[in-house]
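Beneath this line is the structure, given in structure tokens, with notes to follow.
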Amino acid sequence: NEKEKAEELLTLLESGKNIAIVSDAGTPGVSDPGYRLVKLASEEGIEVIPVPGPSAAIAALSVSGLSTSSFAFFGFLPRSDKKRKEFLEEIQEHTQTLIFYESPHRVSKTLLSILETLGDRQVSVSRELTKMFEETVRERISRVIEILGERKEIKGEFTIVVEGNSGKTEETPSETLENQLRICRERGSSLKDSVKEVSQKYKVSKRKVYKEALKIWEKA
């Protein structure tokens, strides 16, 4: 809609009118297309000022019990399983607390993707923040999936706050990685696929696993 209305709104602004972008839930411009109108107005020399309001991401972070000293907000993850997994793989080594938005229809599938890619980290899942049925669950990801799975119906918009990579997973012994990589190679897996599989299984950086894999493949 902002593309269709932009010219009309700009005309009103240039005539001296004031326009406010408001939302019935959350902060306008955060994980929604409102930023396009802000960008267009700014390019035309029109002053744009913020009016502080509730933000689900910050509200959920503040009650998560996870580190707030550094965090990264990613909005909604990709819908397709493949792209969602690829995106999570790209950020699996981030040490910051991670924040995502999700719909009630996809929240369980998204949590499962996070579990499979990032490991069973501590998570805080909030829904309907500042509303009548507000709820926050703080558990390991696997436990939250169980809790949601026990419900007949899942309602409300969700904010998922995930513990950042603590680096502890790097303590997996090299011998364990070597044994698993040998198993992968013996069954015919490529070096690339083996690195990916072992990295995800033990939650170890691909860089470390790749170094171990090179030794095995070079000897062979």
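By convention here, the chains of the structure tokens are called A, B, ... in the order presented, each chain's residues are numbered starting at 1, and ligands are numbered starting at 1 in the order presented.
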
How close does each residue of segment 111-190 of chain A get to segment 67-91 of chain A, giving the shortest atom pair and distance in Å to one decimal for every residue with an atom at most 9 Å away, counting only C-alpha atoms, sorted by chain and residue number, as a tab-separated table?
residue	atom	partner	partner_atom	distance
A:Ser113	CA	A:Lys85	CA	6.5
A:Ile114	CA	A:Leu88	CA	7.0
A:Glu116	CA	A:Lys85	CA	8.8
A:Thr117	CA	A:Glu89	CA	6.4
A:Leu118	CA	A:Leu88	CA	7.3
A:Thr159	CA	A:Gly75	CA	8.9
A:Glu163	CA	A:Ser67	CA	7.7
A:Gly164	CA	A:Phe71	CA	8.3

Take the residues just selected and output them with C-alpha atoms as an mmCIF file, in the first residue's frame.
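That gives us out.cif:
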data_model
loop_
_atom_site.group_PDB
_atom_site.id
_atom_site.type_symbol
_atom_site.label_atom_id
_atom_site.label_comp_id
_atom_site.auth_asym_id
_atom_site.auth_seq_id
_atom_site.Cartn_x
_atom_site.Cartn_y
_atom_site.Cartn_z
ATOM 1 C CA SER A 113 14.966 -25.595 12.656
ATOM 2 C CA ILE A 114 16.770 -23.537 15.310
ATOM 3 C CA GLU A 116 18.623 -28.727 14.594
ATOM 4 C CA THR A 117 20.999 -25.985 13.425
ATOM 5 C CA LEU A 118 22.046 -24.092 16.564
ATOM 6 C CA THR A 159 8.950 -13.304 19.602
ATOM 7 C CA GLU A 163 20.951 -17.608 23.637
ATOM 8 C CA GLY A 164 24.038 -16.676 21.624
#

Pro50 of chain A proximity check over A:Val22, A:Gly65, A:Ile183, A:Ser31, using only C-alpha atoms: winner is A:Val22

Which is closer to Val63 of chain A than all the others in A:Val161, A:Leu112, A:Leu181, A:Ile154, using only C-alpha atoms?
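Among the listed residues, the smallest separation from Val63 of chain A belongs to A:Val161.
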
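Each of A:Ala220, A:Val125, A:Val209, A:Leu9 was checked against Ser62 of chain A using only C-alpha atoms; the smallest atom-to-atom distance is that of A:Val125.
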
Considering only strand (DSSP E or B) as DSSP defines it on the backbone, what residues of segment 105-215 of chain A qualify? List them as a PyMOL selection string.
chain A and resi 122-127+135-140+158-162

Mind giving me the straight-line distance from atom CA of Ile21 of chain A to atom CA of Val48 of chain A in Å, one decimal?
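If I compute the distance from atom CA of Ile21 of chain A to atom CA of Val48 of chain A, I get 10.3 Å.
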
Quick one: distance from atom CA of Pro104 of chain A to atom CA of Asp120 of chain A in Å, one decimal?
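So the two atoms, atom CA of Pro104 of chain A and atom CA of Asp120 of chain A, lie 20.8 Å apart.
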
Find the residue from A:Pro52, A:Gly119, A:Leu13, A:Ile46 that sits nearest to Thr27 of chain A; use only C-alpha atoms when measuring.
A:Pro52
